[in-house]
$ cat work.cif   # mmCIF, C-alpha atoms
data_upload
#
loop_
_atom_site.label_atom_id
_atom_site.label_comp_id
_atom_site.auth_asym_id
_atom_site.auth_seq_id
_atom_site.Cartn_x
_atom_site.Cartn_y
_atom_site.Cartn_z
CA MET A 1 94.57 -10.70 -42.24
CA LYS A 2 94.97 -9.77 -38.59
CA VAL A 3 91.83 -8.63 -36.82
CA THR A 4 91.56 -6.88 -33.50
CA VAL A 5 88.60 -8.15 -31.54
CA LYS A 6 87.29 -6.23 -28.55
CA ILE A 7 84.88 -8.28 -26.49
CA LEU A 8 82.77 -7.09 -23.57
CA ARG A 9 83.60 -9.61 -20.83
CA TYR A 10 81.73 -10.18 -17.59
CA ASN A 11 82.27 -12.83 -14.96
CA PRO A 12 79.53 -12.60 -12.30
CA GLU A 13 81.82 -14.26 -9.74
CA LYS A 14 84.63 -11.71 -10.13
CA ASP A 15 83.44 -8.55 -11.87
CA LYS A 16 81.18 -5.80 -10.60
CA ARG A 17 80.62 -4.54 -14.10
CA PRO A 18 81.46 -5.70 -17.65
CA ARG A 19 84.81 -4.66 -19.11
CA TYR A 20 86.32 -4.85 -22.59
CA ARG A 21 89.17 -7.20 -23.39
CA THR A 22 91.10 -7.08 -26.65
CA TYR A 23 92.36 -10.05 -28.67
CA HIS A 24 94.39 -10.22 -31.88
CA VAL A 25 93.39 -13.03 -34.21
CA GLU A 26 94.61 -14.22 -37.61
CA ALA A 27 91.52 -14.68 -39.81
CA GLU A 28 90.46 -14.92 -43.44
CA PRO A 29 88.09 -12.26 -44.83
CA THR A 30 85.63 -15.08 -45.54
CA ASP A 31 85.72 -16.32 -41.93
CA ARG A 32 82.64 -15.71 -39.86
CA VAL A 33 82.64 -13.84 -36.57
CA LEU A 34 81.73 -17.17 -34.93
CA ASP A 35 84.96 -18.67 -36.31
CA VAL A 36 86.91 -15.82 -34.75
CA LEU A 37 85.20 -16.38 -31.39
CA GLU A 38 85.99 -20.11 -31.62
CA LYS A 39 89.65 -19.29 -32.31
CA ILE A 40 89.81 -17.00 -29.28
CA LYS A 41 88.12 -19.59 -27.05
CA GLY A 42 90.19 -22.47 -28.42
CA TYR A 43 93.65 -20.89 -28.57
CA GLN A 44 93.74 -17.74 -26.45
CA ASP A 45 91.18 -17.67 -23.66
CA GLY A 46 89.13 -20.73 -22.79
CA SER A 47 87.10 -18.78 -20.25
CA LEU A 48 85.27 -16.83 -22.99
CA SER A 49 81.57 -17.76 -22.92
CA PHE A 50 79.09 -17.45 -25.76
CA ARG A 51 76.15 -19.43 -27.12
CA ARG A 52 76.34 -21.37 -30.36
CA SER A 53 74.70 -24.44 -31.73
CA CYS A 54 73.99 -25.05 -35.42
CA ALA A 55 76.40 -22.41 -36.77
CA HIS A 56 74.28 -22.19 -39.93
CA GLY A 57 71.84 -19.38 -39.19
CA ILE A 58 68.98 -21.65 -38.17
CA CYS A 59 69.04 -22.08 -34.39
CA GLY A 60 69.42 -18.39 -33.50
CA SER A 61 71.76 -19.10 -30.57
CA CYS A 62 74.63 -16.80 -31.52
CA ALA A 63 72.81 -13.46 -31.76
CA MET A 64 75.00 -10.70 -30.35
CA ARG A 65 75.97 -7.09 -30.98
CA ILE A 66 78.71 -7.01 -33.59
CA ASN A 67 80.16 -3.58 -34.35
CA GLY A 68 77.19 -1.92 -32.70
CA MET A 69 74.39 -3.86 -34.38
CA ASN A 70 72.58 -7.10 -33.57
CA ARG A 71 73.59 -9.94 -35.90
CA LEU A 72 74.12 -13.69 -35.88
CA ALA A 73 77.83 -14.42 -35.40
CA CYS A 74 77.49 -17.46 -37.65
CA LYS A 75 76.12 -15.44 -40.58
CA THR A 76 78.42 -12.42 -40.36
CA LEU A 77 81.55 -12.58 -42.49
CA ILE A 78 84.60 -10.55 -41.47
CA LYS A 79 84.78 -8.93 -44.92
CA ASP A 80 81.18 -7.68 -44.57
CA LEU A 81 82.15 -5.64 -41.50
CA HIS A 82 84.52 -3.55 -43.70
CA SER A 83 86.95 -3.19 -40.82
CA ASP A 84 89.75 -5.13 -39.18
CA LYS A 85 88.49 -3.98 -35.80
CA ILE A 86 85.54 -5.90 -34.39
CA VAL A 87 83.64 -5.01 -31.24
CA ILE A 88 81.48 -7.80 -29.85
CA GLU A 89 78.98 -7.17 -27.06
CA PRO A 90 76.03 -9.09 -25.61
CA LEU A 91 72.44 -8.32 -26.60
CA LEU A 92 70.93 -5.28 -24.89
CA GLY A 93 67.91 -5.24 -22.61
CA LEU A 94 68.19 -8.78 -21.23
CA PRO A 95 70.00 -9.62 -17.97
CA LEU A 96 73.67 -10.40 -18.59
CA MET A 97 74.73 -13.81 -17.27
CA LYS A 98 78.33 -14.19 -18.45
CA ASP A 99 80.38 -12.59 -21.24
CA LEU A 100 78.13 -12.77 -24.34
CA ILE A 101 75.41 -14.88 -22.73
CA VAL A 102 72.20 -13.17 -21.72
CA ASP A 103 69.24 -14.59 -19.79
CA MET A 104 66.63 -15.38 -22.46
CA LYS A 105 63.89 -16.18 -19.93
CA PRO A 106 62.09 -12.78 -20.18
CA PHE A 107 62.20 -13.06 -23.97
CA PHE A 108 60.59 -16.52 -24.01
CA GLU A 109 57.99 -15.46 -21.42
CA HIS A 110 56.85 -12.74 -23.81
CA TYR A 111 56.88 -15.24 -26.65
CA GLN A 112 54.68 -17.67 -24.69
CA SER A 113 52.30 -14.88 -23.66
CA VAL A 114 50.96 -14.51 -27.22
CA LYS A 115 50.03 -18.23 -27.47
CA PRO A 116 52.29 -19.10 -30.39
CA TYR A 117 50.51 -22.29 -31.40
CA LEU A 118 47.49 -23.26 -33.47
CA ILE A 119 44.21 -22.75 -31.64
CA ASN A 120 41.27 -24.54 -33.24
CA ASP A 121 38.65 -26.43 -31.25
CA GLU A 122 36.60 -27.39 -34.30
CA PRO A 123 36.38 -31.16 -34.94
CA PRO A 124 39.28 -32.16 -37.19
CA PRO A 125 38.28 -32.94 -40.78
CA LEU A 126 38.86 -36.36 -42.33
CA THR A 127 41.77 -34.96 -44.32
CA GLU A 128 44.15 -32.09 -43.53
CA ARG A 129 42.92 -28.60 -42.64
CA LEU A 130 43.23 -27.29 -46.17
CA GLN A 131 44.56 -23.86 -47.04
CA SER A 132 44.94 -22.13 -50.39
CA PRO A 133 48.39 -20.86 -51.53
CA GLU A 134 47.06 -17.30 -51.15
CA GLU A 135 45.97 -17.95 -47.55
CA ARG A 136 49.39 -19.45 -46.80
CA GLU A 137 51.15 -16.52 -48.46
CA ARG A 138 49.40 -14.14 -46.03
CA PHE A 139 51.68 -15.10 -43.12
CA ASP A 140 54.60 -16.64 -45.01
CA ASP A 141 57.10 -13.98 -43.97
CA THR A 142 56.53 -14.39 -40.24
CA THR A 143 56.99 -18.19 -40.34
CA LYS A 144 60.71 -17.56 -40.87
CA CYS A 145 61.40 -16.40 -37.29
CA ILE A 146 64.14 -18.39 -35.50
CA LEU A 147 63.66 -16.71 -32.08
CA CYS A 148 67.21 -15.36 -31.92
CA ALA A 149 66.00 -12.20 -30.09
CA ALA A 150 68.03 -9.91 -32.38
CA CYS A 151 64.87 -7.88 -33.10
CA THR A 152 63.52 -7.56 -29.57
CA THR A 153 66.90 -6.57 -28.12
CA SER A 154 67.43 -3.94 -30.84
CA CYS A 155 64.21 -2.15 -29.88
CA PRO A 156 64.53 1.07 -27.82
CA SER A 157 60.97 0.54 -26.52
CA PHE A 158 62.09 -2.82 -25.10
CA TRP A 159 65.26 -1.29 -23.64
CA SER A 160 63.20 1.29 -21.79
CA ASN A 161 60.59 -1.17 -20.54
CA GLY A 162 61.17 -4.90 -20.46
CA GLN A 163 57.45 -5.52 -20.03
CA TYR A 164 56.88 -4.68 -23.71
CA VAL A 165 56.19 -8.01 -25.46
CA GLY A 166 58.67 -7.05 -28.16
CA PRO A 167 58.87 -7.55 -31.93
CA ALA A 168 59.61 -11.31 -31.85
CA ALA A 169 56.49 -12.12 -29.84
CA ILE A 170 54.35 -9.96 -32.17
CA VAL A 171 55.87 -11.62 -35.24
CA ASN A 172 54.97 -15.04 -33.84
CA ALA A 173 51.48 -13.85 -32.94
CA HIS A 174 51.12 -12.52 -36.51
CA ARG A 175 52.07 -15.95 -37.84
CA PHE A 176 48.93 -17.43 -36.22
CA ILE A 177 46.59 -14.42 -36.26
CA PHE A 178 46.60 -14.39 -40.06
CA ASP A 179 46.53 -18.20 -40.45
CA SER A 180 43.15 -19.14 -41.95
CA ARG A 181 43.14 -22.42 -39.94
CA ASP A 182 43.54 -20.69 -36.59
CA ARG A 183 40.63 -19.53 -34.38
CA GLY A 184 42.57 -17.72 -31.66
CA ALA A 185 43.08 -14.38 -33.43
CA ALA A 186 40.64 -12.43 -31.22
CA GLU A 187 42.34 -13.72 -28.07
CA ARG A 188 45.81 -12.82 -29.33
CA LEU A 189 44.69 -9.39 -30.54
CA ARG A 190 43.25 -8.75 -27.07
CA ILE A 191 46.60 -9.67 -25.50
CA LEU A 192 48.50 -7.45 -27.95
CA SER A 193 46.22 -4.45 -27.44
CA ASP A 194 47.39 -4.35 -23.82
CA GLN A 195 49.43 -1.31 -22.71
CA PHE A 196 52.62 -3.35 -23.21
CA GLY A 197 51.47 -4.72 -26.55
CA VAL A 198 51.80 -3.46 -30.12
CA TYR A 199 51.31 0.21 -29.32
CA ARG A 200 54.73 0.31 -27.64
CA CYS A 201 56.13 0.01 -31.18
CA HIS A 202 57.17 3.48 -32.35
CA THR A 203 58.08 2.48 -35.91
CA ILE A 204 61.82 2.76 -35.30
CA PHE A 205 62.68 -0.14 -37.69
CA ASN A 206 65.71 -1.37 -35.70
CA CYS A 207 64.02 -4.78 -35.55
CA THR A 208 63.61 -5.04 -39.32
CA LEU A 209 67.24 -4.05 -39.89
CA ALA A 210 68.51 -6.49 -37.26
CA CYS A 211 66.51 -9.55 -38.37
CA PRO A 212 68.91 -12.16 -39.79
CA ARG A 213 66.00 -13.75 -41.65
CA ASP A 214 64.98 -10.50 -43.38
CA ILE A 215 61.47 -10.61 -41.95
CA GLN A 216 59.54 -7.37 -42.50
CA ILE A 217 58.92 -7.10 -38.76
CA THR A 218 57.66 -3.51 -38.57
CA LYS A 219 55.22 -4.31 -41.38
CA ALA A 220 53.95 -7.34 -39.44
CA ILE A 221 53.53 -5.19 -36.33
CA GLY A 222 51.70 -2.58 -38.46
CA GLU A 223 49.32 -5.25 -39.73
CA VAL A 224 48.57 -6.40 -36.19
CA LYS A 225 47.99 -2.77 -35.10
CA ARG A 226 45.60 -2.32 -37.99
CA ALA A 227 43.77 -5.57 -37.18
CA ILE A 228 43.29 -4.36 -33.59
CA ALA A 229 42.08 -0.94 -34.73
CA THR A 230 39.69 -2.16 -37.43
CA GLY A 231 38.71 -5.54 -35.94
CA SER A 232 39.30 -7.05 -39.37
CA LEU A 233 41.98 -9.46 -40.59
CA ASP A 234 41.64 -8.42 -44.25
CA MET B 1 73.74 -13.79 -10.63
CA ALA B 2 72.63 -12.12 -13.85
CA LEU B 3 73.44 -8.45 -14.24
CA SER B 4 70.43 -6.28 -15.07
CA LYS B 5 71.22 -2.74 -16.06
CA ASN B 6 69.55 0.05 -17.88
CA ALA B 7 70.24 -0.49 -21.57
CA TRP B 8 69.65 3.13 -22.47
CA LEU B 9 73.18 4.53 -22.43
CA SER B 10 74.54 1.54 -24.35
CA GLY B 11 71.49 1.76 -26.60
CA LEU B 12 72.43 5.26 -27.74
CA ARG B 13 75.51 3.68 -29.34
CA TYR B 14 73.38 1.11 -31.20
CA LYS B 15 73.76 1.47 -34.97
CA GLY B 16 70.11 1.44 -35.92
CA GLY B 17 70.43 3.50 -39.09
CA GLY B 18 68.50 6.52 -40.38
CA THR B 19 65.14 5.57 -38.92
CA MET B 20 66.56 5.37 -35.40
CA ILE B 21 68.01 8.86 -35.88
CA THR B 22 64.59 10.16 -37.01
CA TRP B 23 63.02 8.57 -33.93
CA LEU B 24 65.58 10.24 -31.65
CA LEU B 25 65.13 13.62 -33.37
CA HIS B 26 61.34 13.24 -33.03
CA ARG B 27 61.73 12.82 -29.25
CA ILE B 28 64.21 15.67 -28.94
CA GLY B 29 61.85 17.82 -31.05
CA GLY B 30 58.98 17.10 -28.68
CA LEU B 31 61.13 18.11 -25.71
CA ALA B 32 62.27 21.28 -27.53
CA MET B 33 58.65 22.32 -28.02
CA VAL B 34 57.83 21.65 -24.38
CA LEU B 35 60.83 23.79 -23.46
CA PHE B 36 59.70 26.61 -25.74
CA VAL B 37 56.10 26.63 -24.48
CA GLY B 38 57.38 26.26 -20.90
CA PHE B 39 59.69 29.27 -21.34
CA HIS B 40 56.82 31.24 -22.85
CA ILE B 41 54.39 30.52 -19.99
CA TYR B 42 57.00 30.98 -17.28
CA SER B 43 58.30 34.21 -18.74
CA ALA B 44 54.78 35.68 -19.20
CA PHE B 45 53.82 34.68 -15.65
CA LEU B 46 56.94 36.22 -14.09
CA THR B 47 56.73 39.40 -16.17
CA GLN B 48 53.01 40.05 -15.75
CA GLN B 49 52.64 39.04 -12.12
CA PHE B 50 55.88 40.37 -10.68
CA GLY B 51 57.40 42.57 -13.39
CA SER B 52 60.43 40.33 -12.93
CA ASN B 53 63.65 40.84 -14.85
CA VAL B 54 64.07 37.05 -14.91
CA GLY B 55 60.89 36.86 -17.04
CA VAL B 56 62.31 39.46 -19.41
CA ALA B 57 65.60 37.53 -19.62
CA ILE B 58 63.79 34.26 -20.46
CA ASN B 59 61.72 36.14 -23.03
CA THR B 60 64.92 37.45 -24.63
CA ILE B 61 66.30 33.91 -24.88
CA TYR B 62 63.31 32.24 -26.49
CA GLU B 63 62.60 35.12 -28.83
CA SER B 64 66.19 35.26 -30.04
CA SER B 65 66.73 34.31 -33.67
CA TYR B 66 69.31 31.68 -32.76
CA PHE B 67 66.90 29.91 -30.44
CA GLN B 68 64.16 30.11 -33.05
CA ILE B 69 66.35 28.76 -35.85
CA VAL B 70 66.98 25.65 -33.74
CA LEU B 71 63.33 25.44 -32.74
CA TYR B 72 62.12 25.73 -36.37
CA PHE B 73 64.09 22.62 -37.23
CA PHE B 74 62.59 20.58 -34.44
CA VAL B 75 59.03 21.80 -35.04
CA ILE B 76 59.19 21.19 -38.80
CA PHE B 77 60.90 17.83 -38.32
CA HIS B 78 58.44 16.75 -35.62
CA ALA B 79 55.46 17.65 -37.83
CA ILE B 80 56.67 16.00 -41.05
CA ASN B 81 58.07 12.93 -39.30
CA GLY B 82 54.81 12.61 -37.36
CA LEU B 83 52.91 12.65 -40.66
CA ARG B 84 55.18 9.90 -42.03
CA ILE B 85 54.49 7.74 -38.98
CA ILE B 86 50.72 8.35 -39.18
CA ILE B 87 50.73 7.38 -42.87
CA LEU B 88 52.73 4.22 -42.11
CA ASP B 89 50.39 3.31 -39.25
CA LEU B 90 47.31 3.80 -41.43
CA PHE B 91 48.73 1.95 -44.44
CA PRO B 92 51.01 -0.89 -43.21
CA LYS B 93 51.65 -1.97 -46.82
CA LEU B 94 53.76 1.19 -47.21
CA LEU B 95 56.09 -0.05 -44.45
CA GLU B 96 57.99 -1.91 -47.17
CA TYR B 97 58.91 1.49 -48.61
CA GLN B 98 59.95 3.09 -45.33
CA ARG B 99 63.44 3.91 -46.66
CA GLU B 100 61.97 5.82 -49.62
CA LEU B 101 59.47 7.56 -47.34
CA THR B 102 62.27 8.63 -45.00
CA TRP B 103 64.14 10.17 -47.96
CA LEU B 104 60.93 11.87 -49.07
CA GLU B 105 60.55 13.26 -45.57
CA TRP B 106 64.00 14.89 -45.74
CA ILE B 107 63.26 16.19 -49.25
CA ILE B 108 60.23 17.99 -47.79
CA ILE B 109 61.91 19.15 -44.58
CA ILE B 110 65.10 20.66 -46.04
CA PRO B 111 63.49 23.32 -48.31
CA ILE B 112 60.86 24.29 -45.71
CA TYR B 113 63.52 24.62 -43.02
CA GLY B 114 65.88 26.39 -45.40
CA LEU B 115 63.20 28.94 -46.24
CA SER B 116 62.43 29.53 -42.55
CA VAL B 117 66.11 30.07 -41.76
CA PHE B 118 66.51 32.35 -44.79
CA ILE B 119 63.56 34.54 -43.72
CA THR B 120 64.82 34.67 -40.13
CA ILE B 121 68.34 35.66 -41.20
CA MET B 122 66.97 38.30 -43.62
CA ARG B 123 64.83 39.75 -40.83
CA LEU B 124 67.78 39.68 -38.47
CA SER B 125 70.04 41.52 -40.92
CA ALA B 126 67.27 44.03 -41.76
CA ASN B 127 66.95 44.85 -38.05
CA GLY B 128 70.71 45.32 -37.89
#

$ encode --input "work.cif" --output "structure tokens"
Amino acid sequence: MKVTVKILRYNPEKDKRPRYRTYHVEAEPTDRVLDVLEKIKGYQDGSLSFRRSCAHGICGSCAMRINGMNRLACKTLIKDLHSDKIVIEPLLGLPLMKDLIVDMKPFFEHYQSVKPYLINDEPPPLTERLQSPEERERFDDTTKCILCAACTTSCPSFWSNGQYVGPAAIVNAHRFIFDSRDRGAAERLRILSDQFGVYRCHTIFNCTLACPRDIQITKAIGEVKRAIATGSLD
Amino acid sequence: MALSKNAWLSGLRYKGGGTMITWLLHRIGGLAMVLFVGFHIYSAFLTQQFGSNVGVAINTIYESSYFQIVLYFFVIFHAINGLRIIILDLFPKLLEYQRELTWLEWIIIIPIYGLSVFITIMRLSANG
């Protein structure tokens, strides 16, 4: 099948503002959008810039807006778009560097601000820090995050104010807040109760719909909100 | 040099699904109510203090059935959607069923709004 691909291009050395450029590509319905981008870069326009790495939905490098919605290019099949016209644009809300590449620095600063690592100053036991399957299950969903930024850049609250920590940071805070081995929950909840913390979430659900790992992000944010309000992790 | 620009206009084209539409309608509903109350206060002030015809004109606009039919929708939607959000905030476990709750919200809104419009139209036709 022949697909028409419209890509929002931007070269900071030449362009004042981004502009669309259209390409026609021969592709199979089972090809991924990433394959189409590779074909364009390889055979039509080598100047096209986009991020990719593993191409298997694990590294989170190729998150972009495909037909108006954030998705991973490596996990999106052409046939699933139900159209032979594809519009590809960079993620919203982060500074645009070139073509489909955005500056991820603000995103990772928010991620780091919630201390996404195990905090436990207690003397280590002789064996592992044990945890029951039920305790592990409590935060299982939020361990799946690959930091692709699809959720944060789909959030209207983040678009309107980049100081909002965003769904991805809250998901990663949730992963440790509800970990029975961690002792930093109070500190993280204090950070997230800030004016740019969880209460900037207006239950819009764009993040949950955009997550390529199917994490129940709004539910995780709701659980963090509740933990802040009640002071309890139950 | 990275290009930073307001994502809002592009964001309006984002395909976020039904819940993004309810969020937008909730905001528009809030603004509609501010507009209504603003009209009411402004019109009363102008009419009572200065006997102004502008006050009477504003009064005519916000008391018109057409204006009120639009306003009913936003008030009813804002109230029911607000309740849905409060329930979801209080019981995060229900967030898994947000799609069903959004449908339930519309099932509640449509008959209430329909009844309000019906009564308004009946009153309008009775008054000729």

$ interface_residues --input "work.cif" --of "chain B" --to "chain A" --cutoff "9 Å" --atoms "only C-alpha atoms" --output "PyMOL selection string"
chain B and resi 1-8+10-17+19-23+85+88-96+98

$ axis_aligned_box --input "work.cif" --around "range 62-75 of chain A" --padding-each-side "6 Å" --output "AutoDock Vina command-line options"
--center_x 76.4 --center_y -9.7 --center_z -35.5 --size_x 19.6 --size_y 27.5 --size_z 22.2

$ atom_distance --input "work.cif" --atom1 "CA of Ile109 in chain B" --atom2 "CA of His26 in chain B"
13.0 Å

$ atom_distance --input "work.cif" --atom1 "CA of His24 in chain A" --atom2 "CA of Ser61 in chain A"
24.3 Å

$ resolve_selection --input "work.cif" --expression "the PyMOL selection byres ((chain B and resi 116) around 12)" --output "PyMOL selection string"
chain B and resi 65+68-73+75-76+109-115+117-123

$ atom_distance --input "work.cif" --atom1 "CA of Pro116 in chain A" --atom2 "CA of Ala73 in chain A"
26.4 Å

$ residues_around --input "work.cif" --residues "Phe36 in chain B" --least-positions-apart "5" --cutoff "9 Å" --atoms "all atoms listed in the file" --output "list in words"
Leu31, Ile41, Tyr62 and Leu71 of chain B

$ residues_near_point --input "work.cif" --point "(61.4, 38.0, -17.7)" --cutoff "12 Å" --atoms "only C-alpha atoms" --output "PyMOL selection string"
chain B and resi 39-63

$ resolve_selection --input "work.cif" --expression "the PyMOL selection byres ((chain A and resi 198) around 10)" --output "PDB file with C-alpha atoms, in the frame of the given file"
ATOM      1  CA  TYR A 164      56.880  -4.680 -23.710  1.00  0.00           C
ATOM      2  CA  VAL A 165      56.190  -8.010 -25.460  1.00  0.00           C
ATOM      3  CA  GLY A 166      58.670  -7.050 -28.160  1.00  0.00           C
ATOM      4  CA  PRO A 167      58.870  -7.550 -31.930  1.00  0.00           C
ATOM      5  CA  ALA A 169      56.490 -12.120 -29.840  1.00  0.00           C
ATOM      6  CA  ILE A 170      54.350  -9.960 -32.170  1.00  0.00           C
ATOM      7  CA  LEU A 189      44.690  -9.390 -30.540  1.00  0.00           C
ATOM      8  CA  ILE A 191      46.600  -9.670 -25.500  1.00  0.00           C
ATOM      9  CA  LEU A 192      48.500  -7.450 -27.950  1.00  0.00           C
ATOM     10  CA  SER A 193      46.220  -4.450 -27.440  1.00  0.00           C
ATOM     11  CA  ASP A 194      47.390  -4.350 -23.820  1.00  0.00           C
ATOM     12  CA  GLN A 195      49.430  -1.310 -22.710  1.00  0.00           C
ATOM     13  CA  PHE A 196      52.620  -3.350 -23.210  1.00  0.00           C
ATOM     14  CA  GLY A 197      51.470  -4.720 -26.550  1.00  0.00           C
ATOM     15  CA  TYR A 199      51.310   0.210 -29.320  1.00  0.00           C
ATOM     16  CA  ARG A 200      54.730   0.310 -27.640  1.00  0.00           C
ATOM     17  CA  CYS A 201      56.130   0.010 -31.180  1.00  0.00           C
ATOM     18  CA  HIS A 202      57.170   3.480 -32.350  1.00  0.00           C
ATOM     19  CA  ILE A 221      53.530  -5.190 -36.330  1.00  0.00           C
ATOM     20  CA  GLY A 222      51.700  -2.580 -38.460  1.00  0.00           C
ATOM     21  CA  VAL A 224      48.570  -6.400 -36.190  1.00  0.00           C
ATOM     22  CA  LYS A 225      47.990  -2.770 -35.100  1.00  0.00           C
ATOM     23  CA  ILE A 228      43.290  -4.360 -33.590  1.00  0.00           C
TER      24      ILE A 228
END

$ residues_near_point --input "work.cif" --point "(63.0, -14.4, -34.5)" --cutoff "9 Å" --atoms "only C-alpha atoms" --output "MDAnalysis selection string"
chainID A and resid 60 142 144:152 167:169 171:172 211:213 215

$ resolve_selection --input "work.cif" --expression "the PyMOL selection byres ((chain A and resi 100) around 6)" --output "list in words"
Phe50, Pro90, Asp99 and Ile101 of chain A

$ closest_residue --input "work.cif" --among "A:Lys115, A:Lys2, A:Arg138, A:Lys39" --to "Arg183 in chain A" --atoms "all atoms listed in the file"
A:Lys115

$ residues_around --input "work.cif" --residues "Ile177 in chain A" --least-positions-apart "2" --cutoff "10 Å" --atoms "only C-alpha atoms" --output "PyMOL selection string"
chain A and resi 116+118-119+139+170-175+179-189+224+227+233

$ closest_residue --input "work.cif" --among "B:Phe74, B:Leu35, B:Leu25, B:Asn81" --to "Trp103 in chain B" --atoms "only C-alpha atoms"
B:Asn81

$ residues_around --input "work.cif" --residues "Glu38 in chain A" --least-positions-apart "6" --cutoff "10 Å" --atoms "all atoms listed in the file" --output "ChimeraX atom specification"
/A:32,44-46,48,50,52
